[in-house]
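Q: My questions will all concern the structure given below.
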Amino acid sequence: MRRLANGACIPLAYNDVNSITGGVSRSPRLTPPRRAGTTSSALSRCKSPTAKGAIALHAAAPPPLLHDGFLLLGFALAFVLLFRRLGLGATLGYLLAGVVVGPQCLDLVGEAEQKMGIAELGITLLLFLVGLELDPARLWRMRRDIFLTGIMQVTGCGLVLAAALHLATGFSGAAALALGLPLALSSTAQVLPMLQSSGRLKTRFGERAFAILLFQDLSIIPMITIVAMLSRNPADAGAPPGWLMAVGTAGAIVALVLAGRFLLRPLFRVIGNLGEREMFVVAALFTVLAAAALMQALGLSSALGAFIAGVMLAGTPYRHELEAAVEPFRSILLGLFFLSVGMMLDLSAIIREPLFVMAIALLLIVTKAGVILAIGALLGMGWRSALALGLLLSQGGEFGFVLFAQATRAMLIAPQAASLFGAVVTLSMASTPFLMAATRRFREQPTGPVQERARPESAGPESAGGGDRANALIVGYGRFGQAVGQMLLAGGIEVTLIDRDVAAIDIAATFGAKVYFGDGTRLDLLHQAGASSAALILFCLDGDQIDAALIEAVHQAFPQAAIHVRAFDRRALIRLAPSPATHVIRETMESAIAMARNAFDDVGLSQEAIKRAEIRFRARDRERLALQIESGDIHTAQDRIFTEIEPSG
């Protein structure tokens, strides 16, 4: 029982069966107020002749989806821009926009539950993209962080929080455990974008954070089992045992692995041969939704299914194309998720019990940060990195809402408790950007030659170290690109190879070359392939496919990279001259000079004479090219062309 400010008492947990009252099936999330005109009486009134005008007016009004979408996107745009400008991150902007536009404030948009159901696809897509970053070999290398660090974090934080709630609030042991374990989970939807935007996802620090988040997703299954074992609901007595759920989970994972190898890879090969990009979008979304639906049908985490599907496709040539296809949907739906969380924030629960909610939120943040700091120190992390990890993961997570609902159905906690702790989770999520900003200087590593957070760790299959932050990105792996790529590798430069010819990709694979499918002239695909951290971008495409506008766009998007372009002929070189390309190479120039040198040698010309001829030709060609670029006319300086033997001298 909690005594409110007005003296009324609300039961927050069920300590015995006799204390259970009606309404236990209510969702722990805030149920938005019913909109006018949706009750049966209102509908009956609409049938009367006097209501015909109202019906006509309603028909002329914008559809609910269009109306709600306009308002949500408008408020999100305003608040996210404001909070980005203030350096507080997009997540807090989305949350506050949801609070303002939702039923608790302006009540401009309702049905937050339905929008949350759609928005949760954003988390699913996020885990799919993360899975694409992790091929099975790298995931195996991370097993210590996933299982050792993950187990220590979930069990340590869960048990400490459960004990603290039991002692501080008087909840029964079962109720405290049903609340403490979900509170040990962090927000994958919030933490991963923060790591990505700061460029730390592929660092050692980012890997540890991701490993813990991944284990948290895996731990949902045993948590659901624990809640079911503690259930006081007679309807759960005949529920299947937890071991059966574990067997079903293992079977689902095996099915996804087999489907990825024998169904998805051939499917994407067929789509690649067709050359229709929109089919990649359809196939990518189908893959994510099918994997998520399979897991959800088994009562498991849909995001886990999407993650496994991503891992199965991480080693395929279609990885970067899939990332580019899914990323826009992920960004929009993840923003909608945080909008929905803000809309469902139970402000009335906070107003009734402000001290309780803030105290529990503070307890949650301090406990998780402290436990993770201790775990990090135990595992040999520097205290600054361990503290940063603790603060980053100190908030409650989105899966807490799911487990609170499970505990309510199991009659371990009352719906009022679920609402209060849902507010605690939301409040803790809102606090994370402030905590990270406020402690930035305190957490910064001292200036020195080695800083853990500044060491990017390789993360993909295309480099010897396992990372996709390649030093060089080669677009086009035909006869020209192959020679360039091998030359760079011979010089110790890591490369990422991109081509859109499926047959050529398959042939390259037989020689051990890893070539990714995709159109390398698209900025979004270049970004997914690692162009933002590449030192070199080399366009080695056959034919005359590159223009100055593309090079200018690539230079603006990736200014740190030197751009090298293979030009089809002299006309292409003249056209590309105004572009910011570092070097433009005519594809036949050097090979033609090499052949001429060999020909000179065969007729007995001395090496000194050969060198003089080459120097003379190159100088004349450069002079003529400069005049042609200046005039823009290929016919300029025709008198500078060698058309006959000229007298020496």
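Chain identifiers are assigned as A, B, and so on, following the order in which chains appear in the structure tokens; residues are numbered from 1 within each chain, and ligands are numbered from 1 in order of appearance.
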Quick check for you: according to DSSP on this backbone, which residues of range 345-495 of chain A are classed as alpha helix (DSSP H)? Reply as an MDAnalysis selection string.

A: chainID A and resid 347:352 354:378 383:392 399:409 415:438 440:443 479:490

Q: With a distance cut-off of 12 Å and only C-alpha atoms, select the neighbouring residues of Val371 in chain A, excluding the residue or stretch itself and same-chain residues fewer than 6 positions from it, and output the selection as a list in words.

A: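 Neighbouring residues, sequence-local ones excluded: Thr149, Met152, Gln153, Val154, Thr155, Gly156, Cys157, Gly158, Leu159, Val160, Leu161, Ala184, Leu363, Leu364, Ile365, Ala377, Leu378, Ala386, Leu387, Leu389, Gly390, Leu391, Leu393 and Ser394 of chain A.
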
Q: Could you state the separation of CA of Ala119 in chain A and CA of Ser428 in chain A in Å, given to one decimal place?

A: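 Spanning CA of Ala119 in chain A to CA of Ser428 in chain A is a straight-line distance of 19.9 Å.
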
Q: Please return as a count of residues only: the residues of range 405-561 of chain A that backbone DSSP assigns to strand (DSSP E or B).

A: 18

Q: So which residues touch range 73-77 of chain A within 7 Å, counting only C-alpha atoms, skipping near sequence neighbours fewer than 3 positions away, as a PyMOL selection string?

A: chain A and resi 69-70+80-81+93-94+97

Q: Calculated over only C-alpha atoms, which of the candidates A:Val101, A:Met487, A:Ala255, A:Leu523 has the smallest distance to Met344 in chain A?

A: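 Closest residue, counting only C-alpha atoms: A:Val101.
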
Q: I want to know what sits within 12 Å of Met429 in chain A, based on only C-alpha atoms, with residues of the same chain fewer than 6 positions away left out; could you give that as a VMD selection string?

A: chain A and resid 89 91 to 96 183 185 to 191 338 341 to 342 345 361 to 362 364 to 365 391 to 398 400 422 to 423 435 to 436

Q: What is the CA of Gln607 in chain A-CA of Arg622 in chain A distance in Å, reported with one decimal?

A: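 Taking CA of Gln607 in chain A as the start and CA of Arg622 in chain A as the end point, the length is 22.5 Å.
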
Q: Do you have the CA of Leu347 in chain A-CA of Arg409 in chain A distance handy?

A: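 CA of Arg409 in chain A lies 23.0 Å from CA of Leu347 in chain A.
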
Q: Please provide the set of residues having any atom within 7 Å of range 550-555 of chain A, restricted to only C-alpha atoms, with same-chain residues fewer than 4 positions apart removed, written as a ChimeraX atom specification.

A: /A:523,546,559,579-581

Q: Please list as a PyMOL selection string every residue within 8 Å of Ile629 in chain A, counting only C-alpha atoms and excluding residues in the same chain fewer than 5 positions away.

A: chain A and resi 574-575+577

Q: Could you list, as a PDB file with all heavy atoms, in the first residue's frame, every residue within 12 Å of Ser197 in chain A, counting only C-alpha atoms and ignoring same-chain residues fewer than 2 positions away?

A:
```
ATOM      1  N   ARG A  84      18.697  19.084 -29.948  1.00  0.00           N
ATOM      2  CA  ARG A  84      19.983  18.897 -30.612  1.00  0.00           C
ATOM      3  C   ARG A  84      20.822  20.159 -30.486  1.00  0.00           C
ATOM      4  O   ARG A  84      22.035  20.108 -30.246  1.00  0.00           O
ATOM      5  CB  ARG A  84      19.761  18.566 -32.087  1.00  0.00           C
ATOM      6  CG  ARG A  84      19.360  17.134 -32.359  1.00  0.00           C
ATOM      7  CD  ARG A  84      20.558  16.217 -32.254  1.00  0.00           C
ATOM      8  NE  ARG A  84      20.280  14.910 -32.827  1.00  0.00           N
ATOM      9  CZ  ARG A  84      21.100  13.886 -32.755  1.00  0.00           C
ATOM     10  NH1 ARG A  84      22.260  14.023 -32.129  1.00  0.00           N
ATOM     11  NH2 ARG A  84      20.791  12.724 -33.276  1.00  0.00           N
ATOM     12  N   GLY A  89      20.597  15.776 -27.192  1.00  0.00           N
ATOM     13  CA  GLY A  89      20.290  14.565 -27.936  1.00  0.00           C
ATOM     14  C   GLY A  89      18.843  14.513 -28.406  1.00  0.00           C
ATOM     15  O   GLY A  89      17.962  15.221 -27.900  1.00  0.00           O
ATOM     16  N   ALA A  90      18.616  13.645 -29.394  1.00  0.00           N
ATOM     17  CA  ALA A  90      17.288  13.544 -30.006  1.00  0.00           C
ATOM     18  C   ALA A  90      16.293  12.816 -29.121  1.00  0.00           C
ATOM     19  O   ALA A  90      15.095  13.116 -29.145  1.00  0.00           O
ATOM     20  CB  ALA A  90      17.406  12.831 -31.355  1.00  0.00           C
ATOM     21  N   THR A  91      16.762  11.844 -28.326  1.00  0.00           N
ATOM     22  CA  THR A  91      15.840  11.020 -27.544  1.00  0.00           C
ATOM     23  C   THR A  91      14.984  11.862 -26.601  1.00  0.00           C
ATOM     24  O   THR A  91      13.756  11.698 -26.535  1.00  0.00           O
ATOM     25  CB  THR A  91      16.630   9.977 -26.728  1.00  0.00           C
ATOM     26  OG1 THR A  91      17.360   9.146 -27.622  1.00  0.00           O
ATOM     27  CG2 THR A  91      15.680   9.117 -25.914  1.00  0.00           C
ATOM     28  N   GLN A 190      17.588   3.517 -26.876  1.00  0.00           N
ATOM     29  CA  GLN A 190      18.215   4.791 -26.546  1.00  0.00           C
ATOM     30  C   GLN A 190      19.739   4.703 -26.603  1.00  0.00           C
ATOM     31  O   GLN A 190      20.404   5.603 -27.121  1.00  0.00           O
ATOM     32  CB  GLN A 190      17.780   5.254 -25.156  1.00  0.00           C
ATOM     33  CG  GLN A 190      18.330   6.609 -24.761  1.00  0.00           C
ATOM     34  CD  GLN A 190      17.780   7.100 -23.437  1.00  0.00           C
ATOM     35  OE1 GLN A 190      17.337   6.311 -22.607  1.00  0.00           O
ATOM     36  NE2 GLN A 190      17.794   8.396 -23.226  1.00  0.00           N
ATOM     37  N   VAL A 191      20.298   3.618 -26.102  1.00  0.00           N
ATOM     38  CA  VAL A 191      21.759   3.532 -25.954  1.00  0.00           C
ATOM     39  C   VAL A 191      22.466   3.343 -27.295  1.00  0.00           C
ATOM     40  O   VAL A 191      23.466   4.011 -27.575  1.00  0.00           O
ATOM     41  CB  VAL A 191      22.125   2.394 -24.983  1.00  0.00           C
ATOM     42  CG1 VAL A 191      23.638   2.186 -24.949  1.00  0.00           C
ATOM     43  CG2 VAL A 191      21.611   2.711 -23.587  1.00  0.00           C
ATOM     44  N   LEU A 192      21.954   2.446 -28.141  1.00  0.00           N
ATOM     45  CA  LEU A 192      22.651   2.185 -29.400  1.00  0.00           C
ATOM     46  C   LEU A 192      22.721   3.414 -30.304  1.00  0.00           C
ATOM     47  O   LEU A 192      23.788   3.697 -30.861  1.00  0.00           O
ATOM     48  CB  LEU A 192      21.990   1.010 -30.129  1.00  0.00           C
ATOM     49  CG  LEU A 192      22.265  -0.372 -29.540  1.00  0.00           C
ATOM     50  CD1 LEU A 192      21.668  -1.453 -30.431  1.00  0.00           C
ATOM     51  CD2 LEU A 192      23.756  -0.623 -29.366  1.00  0.00           C
ATOM     52  N   PRO A 193      21.628   4.175 -30.487  1.00  0.00           N
ATOM     53  CA  PRO A 193      21.774   5.402 -31.284  1.00  0.00           C
ATOM     54  C   PRO A 193      22.754   6.393 -30.671  1.00  0.00           C
ATOM     55  O   PRO A 193      23.457   7.105 -31.405  1.00  0.00           O
ATOM     56  CB  PRO A 193      20.345   5.974 -31.323  1.00  0.00           C
ATOM     57  CG  PRO A 193      19.460   4.790 -31.141  1.00  0.00           C
ATOM     58  CD  PRO A 193      20.201   3.900 -30.194  1.00  0.00           C
ATOM     59  N   MET A 194      22.823   6.459 -29.344  1.00  0.00           N
ATOM     60  CA  MET A 194      23.794   7.357 -28.702  1.00  0.00           C
ATOM     61  C   MET A 194      25.219   6.915 -29.023  1.00  0.00           C
ATOM     62  O   MET A 194      26.092   7.744 -29.307  1.00  0.00           O
ATOM     63  CB  MET A 194      23.568   7.380 -27.191  1.00  0.00           C
ATOM     64  CG  MET A 194      22.289   8.071 -26.765  1.00  0.00           C
ATOM     65  SD  MET A 194      22.019   8.029 -24.975  1.00  0.00           S
ATOM     66  CE  MET A 194      23.341   9.101 -24.414  1.00  0.00           C
ATOM     67  N   LEU A 195      25.466   5.612 -29.003  1.00  0.00           N
ATOM     68  CA  LEU A 195      26.791   5.107 -29.344  1.00  0.00           C
ATOM     69  C   LEU A 195      27.119   5.345 -30.812  1.00  0.00           C
ATOM     70  O   LEU A 195      28.248   5.687 -31.172  1.00  0.00           O
ATOM     71  CB  LEU A 195      26.880   3.616 -29.026  1.00  0.00           C
ATOM     72  CG  LEU A 195      26.913   3.233 -27.543  1.00  0.00           C
ATOM     73  CD1 LEU A 195      26.766   1.728 -27.380  1.00  0.00           C
ATOM     74  CD2 LEU A 195      28.202   3.709 -26.888  1.00  0.00           C
ATOM     75  N   GLY A 199      30.076   7.828 -32.529  1.00  0.00           N
ATOM     76  CA  GLY A 199      31.146   7.084 -33.190  1.00  0.00           C
ATOM     77  C   GLY A 199      31.824   6.062 -32.298  1.00  0.00           C
ATOM     78  O   GLY A 199      32.959   5.653 -32.577  1.00  0.00           O
ATOM     79  N   ARG A 200      31.133   5.591 -31.237  1.00  0.00           N
ATOM     80  CA  ARG A 200      31.778   4.689 -30.282  1.00  0.00           C
ATOM     81  C   ARG A 200      31.239   3.260 -30.348  1.00  0.00           C
ATOM     82  O   ARG A 200      31.638   2.428 -29.552  1.00  0.00           O
ATOM     83  CB  ARG A 200      31.603   5.229 -28.856  1.00  0.00           C
ATOM     84  CG  ARG A 200      32.162   6.618 -28.656  1.00  0.00           C
ATOM     85  CD  ARG A 200      32.090   7.049 -27.215  1.00  0.00           C
ATOM     86  NE  ARG A 200      33.036   6.323 -26.382  1.00  0.00           N
ATOM     87  CZ  ARG A 200      33.139   6.487 -25.058  1.00  0.00           C
ATOM     88  NH1 ARG A 200      32.355   7.346 -24.444  1.00  0.00           N
ATOM     89  NH2 ARG A 200      34.015   5.798 -24.365  1.00  0.00           N
ATOM     90  N   LEU A 201      30.318   2.997 -31.279  1.00  0.00           N
ATOM     91  CA  LEU A 201      29.714   1.669 -31.309  1.00  0.00           C
ATOM     92  C   LEU A 201      30.741   0.593 -31.599  1.00  0.00           C
ATOM     93  O   LEU A 201      30.645  -0.522 -31.093  1.00  0.00           O
ATOM     94  CB  LEU A 201      28.587   1.629 -32.341  1.00  0.00           C
ATOM     95  CG  LEU A 201      27.803   0.310 -32.424  1.00  0.00           C
ATOM     96  CD1 LEU A 201      27.193  -0.041 -31.072  1.00  0.00           C
ATOM     97  CD2 LEU A 201      26.725   0.389 -33.492  1.00  0.00           C
ATOM     98  N   LYS A 202      31.755   0.893 -32.399  1.00  0.00           N
ATOM     99  CA  LYS A 202      32.743  -0.118 -32.778  1.00  0.00           C
ATOM    100  C   LYS A 202      34.013  -0.028 -31.951  1.00  0.00           C
ATOM    101  O   LYS A 202      35.011  -0.662 -32.276  1.00  0.00           O
ATOM    102  CB  LYS A 202      33.060  -0.002 -34.268  1.00  0.00           C
ATOM    103  CG  LYS A 202      31.863  -0.275 -35.166  1.00  0.00           C
ATOM    104  CD  LYS A 202      32.271  -0.239 -36.617  1.00  0.00           C
ATOM    105  CE  LYS A 202      31.075  -0.505 -37.513  1.00  0.00           C
ATOM    106  NZ  LYS A 202      30.150   0.627 -37.547  1.00  0.00           N
ATOM    107  N   GLY A 206      32.152   0.567 -26.759  1.00  0.00           N
ATOM    108  CA  GLY A 206      30.866   0.307 -27.397  1.00  0.00           C
ATOM    109  C   GLY A 206      30.542  -1.163 -27.472  1.00  0.00           C
ATOM    110  O   GLY A 206      29.378  -1.565 -27.329  1.00  0.00           O
TER     111      GLY A 206
END
```
